[in-house]
Amino acid sequence: LIGRAHSYLASLTDGSCASIGELAHRLNINHADISRILPLAFLSPSLTADILAGHQPPPLTASRLARGIDLPASWREQAAALAN
């Protein structure tokens with residue numbers, strides 16, 4: 001999911017897609033799926049490293065990430081919010 005989020009972000013920022021709608025059309029997926037996963041590209045580097053190493057907080061499952069989360073902008077706040 002994190003890899004997909006970074007891929008979506010790259011497509012939107014490198015000029016290859018002008019919008020989430022265009023990206024969704026190109027990938028043949030629902031734009032809501034992109035909108036729900038895209039915030040994961042903004043996880044703190046330490047949370048990303050923990051997840052990739054399999055050391056994420058127990059409540060932070062792939063299904064929880066896939067459902068979409070209200071991700072705080074502050075990396076410190078992210079750690080607190082995602083630990084619950």
# chains A, B, ... in the order shown; residues from 1 in each chain; ligands from 1
call {"tool": "select_by_dssp", "arguments": {"residues": "chain A", "states": "helix (DSSP H, G or I)", "output": "JSON, numbers by chain"}}
result
{"A": [2, 3, 4, 5, 6, 7, 8, 9, 10, 11, 12, 13, 20, 21, 22, 23, 24, 25, 26, 27, 31, 32, 33, 34, 35, 36, 37, 38, 39, 40, 41, 42, 45, 46, 47, 48, 49, 50, 51, 52, 53, 62, 63, 64, 65, 66, 67, 75, 76, 77, 78, 79, 80, 81, 82]}
call {"tool": "closest_residue", "arguments": {"among": "A:Pro72, A:Gly21, A:Pro57, A:Pro39", "to": "A:Arg4", "atoms": "only C-alpha atoms"}}
result
A:Pro39
call {"tool": "residues_around", "arguments": {"residues": "A:Leu71", "least_positions_apart": "6", "cutoff": "10 Å", "atoms": "only C-alpha atoms", "output": "tab-separated table (two decimals) with N, CA, C and O atoms, in the first residue's frame"}}
result
chain	number	residue	atom	x	y	z
A	39	PRO	N	-2.78	9.29	0.91
A	39	PRO	CA	-2.19	9.87	2.13
A	39	PRO	C	-1.05	9.05	2.73
A	39	PRO	O	-0.21	9.59	3.45
A	40	LEU	N	-0.99	7.76	2.42
A	40	LEU	CA	0.09	6.94	2.97
A	40	LEU	C	1.47	7.36	2.43
A	40	LEU	O	2.48	7.03	3.03
A	42	PHE	N	2.53	10.14	2.71
A	42	PHE	CA	2.97	11.20	3.62
A	42	PHE	C	3.18	10.70	5.05
A	42	PHE	O	3.25	11.51	5.98
A	43	LEU	N	3.29	9.38	5.20
A	43	LEU	CA	3.63	8.83	6.51
A	43	LEU	C	5.04	9.27	6.89
A	43	LEU	O	5.90	9.44	6.02
A	77	GLU	N	2.33	13.41	15.67
A	77	GLU	CA	0.92	13.10	15.85
A	77	GLU	C	0.53	11.82	15.11
A	77	GLU	O	-0.33	11.07	15.56
A	78	GLN	N	1.15	11.57	13.97
A	78	GLN	CA	0.90	10.33	13.23
A	78	GLN	C	1.24	9.12	14.11
A	78	GLN	O	0.44	8.18	14.20
A	79	ALA	N	2.40	9.15	14.73
A	79	ALA	CA	2.83	8.02	15.56
A	79	ALA	C	1.82	7.76	16.67
A	79	ALA	O	1.46	6.62	16.94
A	81	ALA	N	-1.43	8.70	16.76
A	81	ALA	CA	-2.73	8.32	16.22
A	81	ALA	C	-2.74	6.89	15.70
A	81	ALA	O	-3.73	6.18	15.85
A	82	LEU	N	-1.65	6.47	15.09
A	82	LEU	CA	-1.64	5.14	14.48
A	82	LEU	C	-1.27	4.03	15.46
A	82	LEU	O	-1.39	2.86	15.14
call {"tool": "closest_residue", "arguments": {"among": "A:Pro59, A:Arg76, A:Asn84, A:Ala24", "to": "A:Leu38", "atoms": "only C-alpha atoms"}}
result
A:Ala24
call {"tool": "residues_around", "arguments": {"residues": "A:Ala62", "least_positions_apart": "3", "cutoff": "8 Å", "atoms": "only C-alpha atoms", "output": "list in words"}}
result
Leu1, Leu65 and Ala66 of chain A
call {"tool": "decode", "arguments": {"residues": "stretch 34-77 of chain A", "atoms": "N, CA and C atoms", "output": "PDB file, in the first residue's frame"}}
result
ATOM      1  N   ILE A  34      -7.688   5.521  -4.983  1.00  0.00           N
ATOM      2  CA  ILE A  34      -6.471   6.339  -5.009  1.00  0.00           C
ATOM      3  C   ILE A  34      -6.523   7.373  -3.890  1.00  0.00           C
ATOM      4  N   SER A  35      -7.651   8.035  -3.746  1.00  0.00           N
ATOM      5  CA  SER A  35      -7.788   9.059  -2.709  1.00  0.00           C
ATOM      6  C   SER A  35      -7.614   8.493  -1.306  1.00  0.00           C
ATOM      7  N   ARG A  36      -8.035   7.263  -1.118  1.00  0.00           N
ATOM      8  CA  ARG A  36      -7.928   6.638   0.202  1.00  0.00           C
ATOM      9  C   ARG A  36      -6.488   6.211   0.511  1.00  0.00           C
ATOM     10  N   ILE A  37      -5.746   5.780  -0.503  1.00  0.00           N
ATOM     11  CA  ILE A  37      -4.391   5.264  -0.298  1.00  0.00           C
ATOM     12  C   ILE A  37      -3.330   6.357  -0.401  1.00  0.00           C
ATOM     13  N   LEU A  38      -3.568   7.379  -1.183  1.00  0.00           N
ATOM     14  CA  LEU A  38      -2.585   8.440  -1.414  1.00  0.00           C
ATOM     15  C   LEU A  38      -1.998   9.058  -0.145  1.00  0.00           C
ATOM     16  N   PRO A  39      -2.776   9.286   0.914  1.00  0.00           N
ATOM     17  CA  PRO A  39      -2.188   9.874   2.127  1.00  0.00           C
ATOM     18  C   PRO A  39      -1.047   9.049   2.733  1.00  0.00           C
ATOM     19  N   LEU A  40      -0.990   7.764   2.421  1.00  0.00           N
ATOM     20  CA  LEU A  40       0.090   6.935   2.967  1.00  0.00           C
ATOM     21  C   LEU A  40       1.466   7.355   2.435  1.00  0.00           C
ATOM     22  N   ALA A  41       1.484   8.105   1.350  1.00  0.00           N
ATOM     23  CA  ALA A  41       2.756   8.622   0.830  1.00  0.00           C
ATOM     24  C   ALA A  41       3.341   9.682   1.760  1.00  0.00           C
ATOM     25  N   PHE A  42       2.530  10.145   2.713  1.00  0.00           N
ATOM     26  CA  PHE A  42       2.967  11.199   3.621  1.00  0.00           C
ATOM     27  C   PHE A  42       3.176  10.703   5.045  1.00  0.00           C
ATOM     28  N   LEU A  43       3.287   9.385   5.203  1.00  0.00           N
ATOM     29  CA  LEU A  43       3.634   8.828   6.513  1.00  0.00           C
ATOM     30  C   LEU A  43       5.040   9.267   6.888  1.00  0.00           C
ATOM     31  N   SER A  44       5.284   9.392   8.170  1.00  0.00           N
ATOM     32  CA  SER A  44       6.626   9.764   8.615  1.00  0.00           C
ATOM     33  C   SER A  44       7.623   8.708   8.168  1.00  0.00           C
ATOM     34  N   PRO A  45       8.853   9.120   7.910  1.00  0.00           N
ATOM     35  CA  PRO A  45       9.877   8.150   7.517  1.00  0.00           C
ATOM     36  C   PRO A  45      10.072   7.034   8.543  1.00  0.00           C
ATOM     37  N   SER A  46       9.955   7.350   9.821  1.00  0.00           N
ATOM     38  CA  SER A  46      10.156   6.301  10.825  1.00  0.00           C
ATOM     39  C   SER A  46       9.006   5.301  10.812  1.00  0.00           C
ATOM     40  N   LEU A  47       7.758   5.765  10.650  1.00  0.00           N
ATOM     41  CA  LEU A  47       6.629   4.840  10.540  1.00  0.00           C
ATOM     42  C   LEU A  47       6.740   3.996   9.280  1.00  0.00           C
ATOM     43  N   THR A  48       7.127   4.614   8.185  1.00  0.00           N
ATOM     44  CA  THR A  48       7.299   3.871   6.939  1.00  0.00           C
ATOM     45  C   THR A  48       8.349   2.783   7.110  1.00  0.00           C
ATOM     46  N   ALA A  49       9.473   3.126   7.708  1.00  0.00           N
ATOM     47  CA  ALA A  49      10.538   2.138   7.929  1.00  0.00           C
ATOM     48  C   ALA A  49      10.054   1.016   8.839  1.00  0.00           C
ATOM     49  N   ASP A  50       9.336   1.368   9.896  1.00  0.00           N
ATOM     50  CA  ASP A  50       8.809   0.346  10.807  1.00  0.00           C
ATOM     51  C   ASP A  50       7.853  -0.598  10.090  1.00  0.00           C
ATOM     52  N   ILE A  51       6.971  -0.053   9.284  1.00  0.00           N
ATOM     53  CA  ILE A  51       6.012  -0.877   8.549  1.00  0.00           C
ATOM     54  C   ILE A  51       6.736  -1.796   7.575  1.00  0.00           C
ATOM     55  N   LEU A  52       7.671  -1.239   6.828  1.00  0.00           N
ATOM     56  CA  LEU A  52       8.397  -2.046   5.850  1.00  0.00           C
ATOM     57  C   LEU A  52       9.238  -3.138   6.507  1.00  0.00           C
ATOM     58  N   ALA A  53       9.664  -2.906   7.743  1.00  0.00           N
ATOM     59  CA  ALA A  53      10.443  -3.907   8.479  1.00  0.00           C
ATOM     60  C   ALA A  53       9.545  -4.863   9.263  1.00  0.00           C
ATOM     61  N   GLY A  54       8.228  -4.608   9.250  1.00  0.00           N
ATOM     62  CA  GLY A  54       7.300  -5.459   9.989  1.00  0.00           C
ATOM     63  C   GLY A  54       7.247  -5.146  11.468  1.00  0.00           C
ATOM     64  N   HIS A  55       7.646  -3.943  11.846  1.00  0.00           N
ATOM     65  CA  HIS A  55       7.674  -3.542  13.263  1.00  0.00           C
ATOM     66  C   HIS A  55       6.669  -2.443  13.575  1.00  0.00           C
ATOM     67  N   GLN A  56       5.571  -2.392  12.827  1.00  0.00           N
ATOM     68  CA  GLN A  56       4.549  -1.378  13.066  1.00  0.00           C
ATOM     69  C   GLN A  56       3.805  -1.689  14.355  1.00  0.00           C
ATOM     70  N   PRO A  57       3.149  -0.680  14.926  1.00  0.00           N
ATOM     71  CA  PRO A  57       2.334  -0.930  16.123  1.00  0.00           C
ATOM     72  C   PRO A  57       1.278  -1.992  15.822  1.00  0.00           C
ATOM     73  N   PRO A  58       0.980  -2.884  16.760  1.00  0.00           N
ATOM     74  CA  PRO A  58       0.020  -3.970  16.504  1.00  0.00           C
ATOM     75  C   PRO A  58      -1.325  -3.526  15.928  1.00  0.00           C
ATOM     76  N   PRO A  59      -1.889  -2.393  16.361  1.00  0.00           N
ATOM     77  CA  PRO A  59      -3.185  -2.009  15.778  1.00  0.00           C
ATOM     78  C   PRO A  59      -3.093  -1.541  14.322  1.00  0.00           C
ATOM     79  N   LEU A  60      -1.892  -1.298  13.833  1.00  0.00           N
ATOM     80  CA  LEU A  60      -1.720  -0.753  12.484  1.00  0.00           C
ATOM     81  C   LEU A  60      -1.564  -1.898  11.484  1.00  0.00           C
ATOM     82  N   THR A  61      -2.697  -2.401  11.018  1.00  0.00           N
ATOM     83  CA  THR A  61      -2.709  -3.515  10.080  1.00  0.00           C
ATOM     84  C   THR A  61      -2.871  -3.018   8.650  1.00  0.00           C
ATOM     85  N   ALA A  62      -2.578  -3.896   7.704  1.00  0.00           N
ATOM     86  CA  ALA A  62      -2.762  -3.549   6.295  1.00  0.00           C
ATOM     87  C   ALA A  62      -4.221  -3.227   6.004  1.00  0.00           C
ATOM     88  N   SER A  63      -5.133  -3.976   6.615  1.00  0.00           N
ATOM     89  CA  SER A  63      -6.551  -3.682   6.350  1.00  0.00           C
ATOM     90  C   SER A  63      -6.952  -2.323   6.911  1.00  0.00           C
ATOM     91  N   ARG A  64      -6.382  -1.935   8.049  1.00  0.00           N
ATOM     92  CA  ARG A  64      -6.676  -0.603   8.592  1.00  0.00           C
ATOM     93  C   ARG A  64      -6.139   0.474   7.655  1.00  0.00           C
ATOM     94  N   LEU A  65      -4.938   0.267   7.130  1.00  0.00           N
ATOM     95  CA  LEU A  65      -4.374   1.236   6.187  1.00  0.00           C
ATOM     96  C   LEU A  65      -5.190   1.281   4.899  1.00  0.00           C
ATOM     97  N   ALA A  66      -5.638   0.120   4.430  1.00  0.00           N
ATOM     98  CA  ALA A  66      -6.386   0.050   3.176  1.00  0.00           C
ATOM     99  C   ALA A  66      -7.758   0.708   3.281  1.00  0.00           C
ATOM    100  N   ARG A  67      -8.347   0.721   4.473  1.00  0.00           N
ATOM    101  CA  ARG A  67      -9.662   1.363   4.663  1.00  0.00           C
ATOM    102  C   ARG A  67      -9.560   2.872   4.566  1.00  0.00           C
ATOM    103  N   GLY A  68      -8.359   3.383   4.717  1.00  0.00           N
ATOM    104  CA  GLY A  68      -8.178   4.822   4.732  1.00  0.00           C
ATOM    105  C   GLY A  68      -8.137   5.321   6.157  1.00  0.00           C
ATOM    106  N   ILE A  69      -7.274   6.234   6.419  1.00  0.00           N
ATOM    107  CA  ILE A  69      -7.100   6.762   7.761  1.00  0.00           C
ATOM    108  C   ILE A  69      -7.050   8.277   7.689  1.00  0.00           C
ATOM    109  N   ASP A  70      -7.471   8.908   8.768  1.00  0.00           N
ATOM    110  CA  ASP A  70      -7.365  10.364   8.866  1.00  0.00           C
ATOM    111  C   ASP A  70      -5.965  10.655   9.381  1.00  0.00           C
ATOM    112  N   LEU A  71      -5.061  10.915   8.475  1.00  0.00           N
ATOM    113  CA  LEU A  71      -3.648  11.025   8.790  1.00  0.00           C
ATOM    114  C   LEU A  71      -3.272  12.448   9.192  1.00  0.00           C
ATOM    115  N   PRO A  72      -2.830  12.643  10.438  1.00  0.00           N
ATOM    116  CA  PRO A  72      -2.372  13.983  10.838  1.00  0.00           C
ATOM    117  C   PRO A  72      -1.140  14.392  10.020  1.00  0.00           C
ATOM    118  N   ALA A  73      -0.959  15.674   9.833  1.00  0.00           N
ATOM    119  CA  ALA A  73       0.201  16.159   9.082  1.00  0.00           C
ATOM    120  C   ALA A  73       1.491  16.029   9.893  1.00  0.00           C
ATOM    121  N   SER A  74       1.395  16.216  11.185  1.00  0.00           N
ATOM    122  CA  SER A  74       2.563  16.137  12.055  1.00  0.00           C
ATOM    123  C   SER A  74       3.014  14.686  12.207  1.00  0.00           C
ATOM    124  N   TRP A  75       4.291  14.439  11.965  1.00  0.00           N
ATOM    125  CA  TRP A  75       4.804  13.076  12.103  1.00  0.00           C
ATOM    126  C   TRP A  75       4.674  12.577  13.538  1.00  0.00           C
ATOM    127  N   ARG A  76       4.858  13.438  14.501  1.00  0.00           N
ATOM    128  CA  ARG A  76       4.707  13.048  15.915  1.00  0.00           C
ATOM    129  C   ARG A  76       3.262  12.638  16.192  1.00  0.00           C
ATOM    130  N   GLU A  77       2.332  13.410  15.667  1.00  0.00           N
ATOM    131  CA  GLU A  77       0.917  13.103  15.851  1.00  0.00           C
ATOM    132  C   GLU A  77       0.527  11.823  15.111  1.00  0.00           C
TER     133      GLU A  77
END
